[in-house]
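Q: Sending over query21.csv (CSV, C-alpha atoms).
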chain,number,residue,atom,x,y,z
A,1013,MET,CA,188.4,252.0,166.6
A,1014,THR,CA,185.7,254.6,167.0
A,1015,LEU,CA,182.0,254.5,167.6
A,1016,GLN,CA,181.5,256.1,164.2
A,1017,GLN,CA,183.4,253.4,162.4
A,1018,LEU,CA,181.3,250.8,164.2
A,1019,MET,CA,178.1,252.5,163.2
A,1020,TYR,CA,179.2,252.7,159.6
A,1021,ALA,CA,180.1,249.0,159.6
A,1022,ILE,CA,176.7,248.0,161.1
A,1023,MET,CA,174.8,250.1,158.6
A,1024,ALA,CA,176.8,248.7,155.7
A,1025,ALA,CA,176.0,245.2,157.0
A,1026,ASP,CA,172.3,246.0,157.2
A,1027,GLU,CA,172.1,247.8,153.9
A,1028,LYS,CA,174.6,245.5,152.1
A,1029,SER,CA,175.8,248.7,150.4
A,1030,ILE,CA,178.4,251.3,151.0
A,1031,ASN,CA,176.5,253.8,148.8
A,1032,LYS,CA,173.3,253.4,150.9
A,1033,THR,CA,175.3,253.8,154.1
A,1034,ALA,CA,176.8,257.0,152.8
A,1035,GLN,CA,173.3,258.3,152.0
A,1036,LYS,CA,172.0,257.4,155.4
A,1037,TYR,CA,174.8,259.3,157.2
A,1038,TYR,CA,174.9,262.2,154.6
A,1039,VAL,CA,178.6,261.7,153.9
A,1040,SER,CA,180.5,260.8,150.8
A,1041,GLN,CA,180.9,257.1,149.7
A,1042,PRO,CA,184.8,257.3,149.8
A,1043,ALA,CA,184.6,258.5,153.4
A,1044,ILE,CA,182.6,255.4,154.4
A,1045,SER,CA,184.9,253.2,152.4
A,1046,ASP,CA,188.0,254.7,154.0
A,1047,ALA,CA,186.6,254.5,157.5
A,1048,ILE,CA,185.7,250.8,157.1
A,1049,LYS,CA,189.1,250.0,155.5
A,1050,ASP,CA,190.9,251.7,158.4
A,1051,LEU,CA,188.8,249.6,160.8
A,1052,GLU,CA,189.6,246.4,159.0
A,1053,GLU,CA,193.3,247.2,159.1
A,1054,GLU,CA,193.2,248.0,162.8
A,1055,ILE,CA,191.4,244.8,163.9
A,1056,GLY,CA,193.2,242.6,161.4
A,1057,ILE,CA,190.2,241.0,159.7
A,1058,LYS,CA,188.2,241.5,156.5
A,1059,ILE,CA,184.7,242.5,157.5
A,1060,PHE,CA,183.2,242.8,154.0
A,1061,GLU,CA,183.5,241.2,150.7
A,1062,ARG,CA,183.0,243.8,148.0
A,1063,THR,CA,181.2,243.0,144.7
A,1064,ASN,CA,179.5,245.0,141.9
A,1065,ARG,CA,176.2,244.5,143.7
A,1066,GLY,CA,177.4,245.9,147.0
A,1067,VAL,CA,179.0,244.3,150.1
A,1068,SER,CA,178.4,241.2,152.2
A,1069,THR,CA,179.9,240.2,155.5
A,1070,THR,CA,182.6,237.6,155.8
A,1071,ALA,CA,182.3,234.9,158.4
A,1072,GLU,CA,184.6,236.8,160.7
A,1073,GLY,CA,182.9,240.1,159.7
A,1074,ALA,CA,179.4,238.7,160.7
A,1075,ASP,CA,180.8,237.8,164.2
A,1076,PHE,CA,182.4,241.2,164.5
A,1077,ILE,CA,179.1,243.0,163.6
A,1078,VAL,CA,177.4,241.1,166.5
A,1079,TYR,CA,179.8,242.5,169.0
A,1080,ALA,CA,179.7,245.9,167.4
A,1081,ARG,CA,175.9,246.0,167.8
A,1082,GLN,CA,176.4,245.3,171.5
A,1083,VAL,CA,178.9,248.1,171.9
A,1084,ILE,CA,176.6,250.6,170.1
A,1085,ALA,CA,173.6,249.4,172.0
A,1086,GLN,CA,175.4,249.9,175.3
A,1087,TYR,CA,176.5,253.3,174.2
A,1088,ASP,CA,172.9,254.2,173.3
A,1089,LEU,CA,171.8,253.1,176.8
A,1090,LEU,CA,174.4,255.3,178.5
A,1091,LYS,CA,173.6,258.2,176.2
A,1092,GLU,CA,169.9,257.8,176.9
A,1093,ARG,CA,170.4,257.5,180.7
A,1094,TYR,CA,172.9,260.3,181.3
A,1095,ILE,CA,172.7,262.6,178.3
A,1096,ASP,CA,169.3,262.4,176.7
A,1097,LYS,CA,167.4,262.4,180.0
A,1098,GLY,CA,164.4,263.9,178.3
A,1099,ASN,CA,163.9,260.8,176.1
A,1100,LYS,CA,161.4,258.1,176.9
A,1101,THR,CA,162.5,254.9,178.6
A,1102,LYS,CA,162.6,252.1,176.0
A,1103,PHE,CA,161.3,248.6,176.7
A,1104,GLY,CA,160.9,245.9,174.0
A,1105,VAL,CA,159.7,242.3,174.0
A,1106,SER,CA,159.9,239.6,171.3
A,1107,THR,CA,157.8,236.4,171.5
A,1108,GLN,CA,156.7,233.4,169.7
A,1109,HIS,CA,153.0,233.4,168.8
A,1110,TYR,CA,151.7,233.5,172.4
A,1111,THR,CA,148.7,235.5,173.2
A,1112,PHE,CA,149.5,235.4,177.0
A,1113,ALA,CA,152.8,237.1,176.2
A,1114,VAL,CA,151.0,239.9,174.4
A,1115,LYS,CA,148.4,240.1,177.1
A,1116,SER,CA,151.1,240.4,179.8
A,1117,PHE,CA,152.6,243.2,177.7
A,1118,MET,CA,149.2,245.0,177.7
A,1119,GLU,CA,148.9,244.6,181.4
A,1120,LEU,CA,152.4,246.1,181.9
A,1121,ILE,CA,151.4,249.1,179.8
A,1122,SER,CA,148.1,249.5,181.7
A,1123,LYS,CA,150.1,249.7,184.9
A,1124,TYR,CA,152.8,252.1,183.8
A,1125,GLY,CA,151.0,254.1,181.2
A,1126,THR,CA,152.6,255.5,178.0
A,1127,ASP,CA,153.9,258.8,179.3
A,1128,GLY,CA,157.7,258.6,179.6
A,1129,TYR,CA,157.9,255.2,177.9
A,1130,ASP,CA,158.6,253.9,174.4
A,1131,TYR,CA,157.2,250.3,174.2
A,1132,SER,CA,157.8,247.7,171.5
A,1133,VAL,CA,156.4,244.2,171.1
A,1134,TYR,CA,157.3,241.8,168.3
A,1135,GLU,CA,155.6,238.5,167.5
A,1136,GLY,CA,157.5,236.3,165.1
A,1137,LYS,CA,159.7,233.3,164.2
A,1138,THR,CA,161.9,231.7,166.9
A,1139,SER,CA,165.1,232.8,165.2
A,1140,GLU,CA,163.7,236.4,165.0
A,1141,VAL,CA,162.9,236.3,168.7
A,1142,ILE,CA,166.4,235.2,169.5
A,1143,ASN,CA,168.1,237.7,167.2
A,1144,ASP,CA,166.0,240.5,168.6
A,1145,VAL,CA,167.4,239.9,172.1
A,1146,ARG,CA,170.9,239.3,170.8
A,1147,ASN,CA,170.9,242.6,168.9
A,1148,PHE,CA,169.4,244.6,171.7
A,1149,ARG,CA,166.1,245.2,169.8
A,1150,SER,CA,164.3,243.6,172.7
A,1151,GLU,CA,165.2,243.1,176.4
A,1152,ILE,CA,163.3,239.8,176.7
A,1153,GLY,CA,162.3,237.0,174.4
A,1154,VAL,CA,159.6,234.4,175.1
A,1155,ILE,CA,160.0,230.9,173.6
A,1156,HIS,CA,159.3,227.2,174.5
A,1157,LEU,CA,161.6,224.3,175.2
A,1158,ASP,CA,160.6,220.6,175.0
A,1159,ASP,CA,162.4,217.3,175.2
A,1160,TYR,CA,163.2,217.4,171.5
A,1161,ASN,CA,164.5,220.9,171.0
A,1162,ARG,CA,166.0,221.6,174.4
A,1163,ASN,CA,169.6,220.7,173.8
A,1164,PHE,CA,169.7,222.4,170.4
A,1165,ILE,CA,168.1,225.6,171.6
A,1166,LEU,CA,170.3,225.9,174.7
A,1167,LYS,CA,173.4,225.5,172.5
A,1168,TYR,CA,172.0,228.0,170.0
A,1169,LEU,CA,171.4,230.5,172.8
A,1170,LYS,CA,174.9,230.0,174.3
A,1171,HIS,CA,176.5,230.6,170.9
A,1172,ASN,CA,174.6,233.9,170.7
A,1173,ASN,CA,175.7,234.9,174.3
A,1174,LEU,CA,172.1,234.5,175.6
A,1175,GLU,CA,170.6,232.5,178.5
A,1176,SER,CA,167.2,231.2,179.3
A,1177,HIS,CA,165.2,231.1,182.5
A,1178,LYS,CA,162.1,229.0,183.1
A,1179,LEU,CA,158.8,230.7,183.6
A,1180,PHE,CA,156.6,227.6,184.0
A,1181,ASP,CA,156.0,224.0,182.7
A,1182,CYS,CA,152.8,223.1,180.9
A,1183,LYS,CA,151.1,220.1,179.3
A,1184,VAL,CA,150.3,219.9,175.6
A,1185,PHE,CA,146.9,220.9,174.4
A,1186,VAL,CA,145.1,220.7,171.1
A,1187,TYR,CA,143.8,224.2,170.0
A,1188,LEU,CA,140.9,224.2,167.6
A,1189,SER,CA,137.7,226.0,166.6
A,1190,ALA,CA,134.7,225.7,169.0
A,1191,ASN,CA,132.8,224.3,166.1
A,1192,HIS,CA,135.4,221.6,165.3
A,1193,PRO,CA,134.0,218.0,165.5
A,1194,LEU,CA,136.4,217.3,168.4
A,1195,ALA,CA,135.6,220.5,170.3
A,1196,ARG,CA,133.6,218.7,173.0
A,1197,ALA,CA,136.0,215.9,173.6
A,1198,ARG,CA,137.5,215.5,177.1
A,1199,LYS,CA,140.8,214.6,175.6
A,1200,VAL,CA,142.2,214.1,172.2
A,1201,THR,CA,144.6,211.4,170.9
A,1202,GLU,CA,146.8,211.3,167.9
A,1203,SER,CA,144.5,209.0,166.0
A,1204,ASP,CA,141.6,211.4,166.7
A,1205,LEU,CA,143.5,214.1,164.9
A,1206,GLU,CA,144.6,212.1,161.9
A,1207,PRO,CA,141.7,213.2,159.6
A,1208,TYR,CA,142.3,216.9,160.2
A,1209,PRO,CA,145.0,219.3,158.9
A,1210,CYS,CA,147.8,220.2,161.3
A,1211,LEU,CA,148.7,223.9,161.4
A,1212,THR,CA,152.2,225.1,162.2
A,1213,PHE,CA,154.0,228.4,162.2
A,1214,ASN,CA,156.5,228.8,159.3
A,1215,GLN,CA,160.0,229.2,160.6
A,1216,GLY,CA,161.7,229.8,157.2
A,1217,GLU,CA,163.3,227.4,154.8
A,1218,GLU,CA,166.7,228.0,156.2
A,1219,ASP,CA,165.8,227.4,159.9
A,1220,PRO,CA,166.2,223.9,161.4
A,1221,ILE,CA,163.2,222.0,162.6
A,1222,TYR,CA,164.3,222.5,166.2
A,1223,LEU,CA,163.3,226.1,166.0
A,1224,ALA,CA,159.6,225.1,165.6
A,1225,GLU,CA,157.1,226.6,168.0
A,1226,GLU,CA,155.1,223.4,168.2
A,1227,PRO,CA,156.3,220.0,169.6
A,1228,ILE,CA,158.5,218.4,166.9
A,1229,SER,CA,156.3,215.3,166.7
A,1230,MET,CA,153.8,217.5,164.9
A,1231,PHE,CA,156.0,217.5,161.8
A,1232,GLU,CA,155.5,213.8,161.4
A,1233,LYS,CA,151.9,214.5,160.4
A,1234,ARG,CA,150.9,213.9,156.8
A,1235,LYS,CA,148.5,216.9,156.6
A,1236,ASN,CA,150.9,219.6,157.7
A,1237,ILE,CA,150.1,223.2,156.7
A,1238,ARG,CA,152.5,226.1,157.5
A,1239,VAL,CA,151.2,229.6,158.1
A,1240,SER,CA,153.0,232.8,158.8
A,1241,ASP,CA,150.7,234.6,161.4
A,1242,ARG,CA,148.3,233.9,164.2
A,1243,GLY,CA,145.3,235.5,162.3
A,1244,THR,CA,145.7,233.1,159.4
A,1245,MET,CA,146.0,230.1,161.7
A,1246,LEU,CA,142.8,231.1,163.5
A,1247,ASN,CA,141.0,231.5,160.2
A,1248,MET,CA,142.1,228.1,159.0
A,1249,MET,CA,140.9,226.5,162.2
A,1250,VAL,CA,137.4,227.7,161.4
A,1251,GLY,CA,137.5,227.3,157.6
A,1252,ILE,CA,139.1,223.8,157.2
A,1253,ASN,CA,138.8,222.4,160.8
A,1254,GLY,CA,142.6,222.7,161.3
A,1255,TYR,CA,144.3,222.4,164.6
A,1256,THR,CA,147.6,223.1,166.3
A,1257,LEU,CA,149.2,222.1,169.6
A,1258,CYS,CA,149.8,224.7,172.2
A,1259,SER,CA,150.4,225.4,175.9
A,1260,GLY,CA,146.7,225.5,176.7
A,1261,ILE,CA,146.9,229.1,178.0
A,1262,ILE,CA,144.0,230.9,176.2
A,1263,CYS,CA,143.4,234.6,176.2
A,1264,GLU,CA,139.8,235.1,175.0
A,1265,GLU,CA,140.2,238.9,175.1
A,1266,LEU,CA,142.6,238.6,172.2
A,1267,ASN,CA,141.5,235.5,170.2
A,1268,GLY,CA,137.8,235.6,171.0
A,1269,ASN,CA,135.7,232.8,172.5
A,1270,GLY,CA,135.4,230.8,169.3
A,1271,TYR,CA,138.2,228.5,170.1
A,1272,VAL,CA,138.9,225.8,172.7
A,1273,ALA,CA,142.0,224.0,174.1
A,1274,ILE,CA,141.6,220.3,174.9
A,1275,PRO,CA,144.2,218.1,176.6
A,1276,TYR,CA,146.3,216.1,174.2
A,1277,GLU,CA,147.0,212.5,175.3
A,1278,SER,CA,150.7,212.5,175.1
A,1279,ARG,CA,153.8,212.2,177.4
A,1280,GLU,CA,155.2,215.4,175.9
A,1281,LYS,CA,155.6,218.4,178.1
A,1282,THR,CA,156.9,221.8,177.3
A,1283,SER,CA,158.4,224.7,179.3
A,1284,ILE,CA,157.9,228.3,178.6
A,1285,VAL,CA,161.1,230.3,179.1
A,1286,TYR,CA,162.3,233.8,178.7
A,1287,VAL,CA,165.6,234.7,177.0
A,1288,VAL,CA,167.9,237.5,177.9
A,1289,ARG,CA,171.5,238.5,177.2
A,1290,GLU,CA,174.1,236.6,179.2
A,1291,GLY,CA,174.8,238.3,182.5
A,1292,SER,CA,172.4,241.1,181.9
A,1293,THR,CA,170.3,242.7,184.7
A,1294,LEU,CA,166.6,243.1,184.0
A,1295,SER,CA,165.2,246.6,184.1
A,1296,GLU,CA,162.3,247.5,186.4
A,1297,LEU,CA,159.9,247.0,183.5
A,1298,GLY,CA,161.5,243.7,182.6
A,1299,ARG,CA,161.1,242.4,186.1
A,1300,GLU,CA,157.4,243.4,186.2
A,1301,TYR,CA,156.8,241.8,182.8
A,1302,ILE,CA,158.3,238.5,184.0
A,1303,GLU,CA,155.9,238.5,186.9
A,1304,TYR,CA,152.9,239.0,184.6
A,1305,LEU,CA,154.1,236.1,182.5
A,1306,LYS,CA,154.6,233.8,185.5
A,1307,SER,CA,151.1,234.5,186.6
A,1308,TYR,CA,149.8,232.5,183.6
A,1309,GLY,CA,151.5,229.4,184.8
A,1310,LEU,CA,149.8,229.3,188.2
In structure tokens, write the structure found in this file.
A:
Amino acid sequence: MTLQQLMYAIMAADEKSINKTAQKYYVSQPAISDAIKDLEEEIGIKIFERTNRGVSTTAEGADFIVYARQVIAQYDLLKERYIDKGNKTKFGVSTQHYTFAVKSFMELISKYGTDGYDYSVYEGKTSEVINDVRNFRSEIGVIHLDDYNRNFILKYLKHNNLESHKLFDCKVFVYLSANHPLARARKVTESDLEPYPCLTFNQGEEDPIYLAEEPISMFEKRKNIRVSDRGTMLNMMVGINGYTLCSGIICEELNGNGYVAIPYESREKTSIVYVVREGSTLSELGREYIEYLKSYGL
């Protein structure tokens, strides 16, 4: 088993094509096919199913590719640290749609500057956040746990060789436009919200409800509208008096001052956690980023 074989296999899994893999590496298609065939024979499993339309990973192959990515990522880290010393230090974060997580990232950049560093921040679905950390795209992921999703998420993380650490606990708030009819209420109940559309972030048709970013009780609402990004959600709060449930941590610098967070009368609580690879040691930037995140829970 060689690093080159692992890289070929990973690329073939991503591209779902031996031909495209050959093009990416500027080698012949038979050379890629032979390398992958030799790898399959050595490890004793079939990594790919081959069809007229390309290739797809088998169940065993998909599991193998996860470990292969980890090996290549570790190799890249060693190469970057000891061989390519002139390269920039990389640091990546993936997060659910939390403005405070993005703001913390901005504060980190302000402290360290951009010289000598290659930063990445990804805001997306819960499964994407988890996959980014698993596949070494990001060092840290930021998600929430509540009484409904906790057991599922913890098992999901364990299955992907990941672990979570609590940043802080928070109550549930209703987030809506400052011009919403309920904007001046001291607290909001479920019956207060009944006339208005409930906004949630789309997690994909294939993802279970436990990967939702909002408390699962929201999905019992009759007027439930899914959106794909934070900008659209903010627009719908203004345009149709929509609302969502959130942590109550508001960053006006990013969202503007046209929105308010009001306490939601509920027993539900949520915890904001960060996700890392099992047994990993945080980088200096990672430790600093965690401290910025924790400051929002004080």
Q: So how far away is atom CA of A:Asn1173 from atom CA of A:Ser1150, in Å?
A: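 These two atoms are separated by 14.4 Å.
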Q: To one decimal place, how far is atom CA of A:Phe1213 from atom CA of A:Met1245 in Å?
A: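 If I compute the distance from atom CA of A:Phe1213 to atom CA of A:Met1245, I get 8.2 Å.
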Q: Report the distance between atom CA of A:Val1287 and atom CA of A:Glu1175 in Å, rounded to one decimal place.
A: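 Here the two named atoms are 5.7 Å from each other.
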Q: Using all atoms listed in the file, can you tell me which of A:Val1239, A:Arg1062, A:Thr1138, A:Tyr1276 comes closest to A:Asp1204?
A: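 Closest to A:Asp1204, using all atoms listed in the file: A:Tyr1276.
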Q: Could you give me, as number ranges by chain, the residues within 9 Å of A:Ile1030, counting all atoms listed in the file and dropping anything in the same chain fewer than 5 positions from it?
A: A: 1020, 1023-1025, 1035, 1041-1042, 1044-1045, 1066-1067
Q: For a quick check of understanding, using only C-alpha atoms, which of A:Leu1018, A:Ile1302, A:Leu1205, A:Ala1085 has the smallest distance to A:Arg1149?
A: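 Selected residue with least distance to A:Arg1149: A:Ala1085.
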Q: Determine, counting only C-alpha atoms, every residue of protein, DNA or RNA that lies within 7 Å of (160.1, 246.6, 169.7) in the file coordinates, then give the result as an mmCIF file with C-alpha atoms, in the frame of the given file.
A:
data_model
loop_
_atom_site.group_PDB
_atom_site.id
_atom_site.type_symbol
_atom_site.label_atom_id
_atom_site.label_comp_id
_atom_site.auth_asym_id
_atom_site.auth_seq_id
_atom_site.Cartn_x
_atom_site.Cartn_y
_atom_site.Cartn_z
ATOM 1 C CA GLY A 1104 160.900 245.900 174.000
ATOM 2 C CA VAL A 1105 159.700 242.300 174.000
ATOM 3 C CA TYR A 1131 157.200 250.300 174.200
ATOM 4 C CA SER A 1132 157.800 247.700 171.500
ATOM 5 C CA VAL A 1133 156.400 244.200 171.100
ATOM 6 C CA TYR A 1134 157.300 241.800 168.300
ATOM 7 C CA ARG A 1149 166.100 245.200 169.800
ATOM 8 C CA SER A 1150 164.300 243.600 172.700
#
Q: Please identify all polymer residues within 7 Å of A:Glu1226, counting all atoms listed in the file, omitting same-chain residues fewer than 5 positions from it, and present them as a list in words.
A: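 Here the answer would be Thr1212, Leu1257 and Cys1258 of chain A.
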Q: Take the residues just selected and output them with C-alpha atoms as a PDB file, in the frame of the given file.
A:
ATOM      1  CA  THR A1212     152.200 225.100 162.200  1.00  0.00           C
ATOM      2  CA  LEU A1257     149.200 222.100 169.600  1.00  0.00           C
ATOM      3  CA  CYS A1258     149.800 224.700 172.200  1.00  0.00           C
TER       4      CYS A1258
END
Q: If we count only C-alpha atoms, what is near A:Ile1237 at a cut-off of 7 Å, once residues fewer than 3 positions away on the same chain are taken out, given as a ChimeraX atom specification?
A: /A:1209-1212
Q: For each of A:Arg1198, A:Arg1081, A:His1156, A:His1177, take the minimum atom-to-atom distance to A:Leu1223, counting all atoms listed in the file, then give the residue where this is smallest.
A: A:His1156
Q: Tell me which protein, DNA and RNA residues are within 9 Å of A:Gln1082, counting only C-alpha atoms, leaving out same-chain ones fewer than 6 positions away, and put them as a list in words.
A: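 After dropping sequence-adjacent residues, the list is Arg1146, Asn1147 and Phe1148 of chain A.
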Q: Looking at all atoms listed in the file, which of A:Gly1153, A:Gly1298, A:Gly1243, A:Pro1227 is the one that sits closest to A:Tyr1286?
A: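 Selected residue with least distance to A:Tyr1286: A:Gly1153.
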Q: Skipping near chain neighbours, those fewer than 6 positions away, what residues fall within 12 Å of A:Glu1054 using all atoms listed in the file, listed as a list of chain:residue names?
A: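 Close residues of A:Glu1054: A:Met1013, A:Thr1014, A:Gln1017, A:Ala1047, A:Ile1048.
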Q: Would you put the residues from that selection into a file with C-alpha atoms, as a compact mmCIF listing (two decimals), keeping the file's coordinate frame?
A:
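Written output follows (selection20.txt):
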# COMPACT_ATOMS: atom_id res chain seq x y z
CA MET A 1013 188.40 252.00 166.60
CA THR A 1014 185.70 254.60 167.00
CA GLN A 1017 183.40 253.40 162.40
CA ALA A 1047 186.60 254.50 157.50
CA ILE A 1048 185.70 250.80 157.10
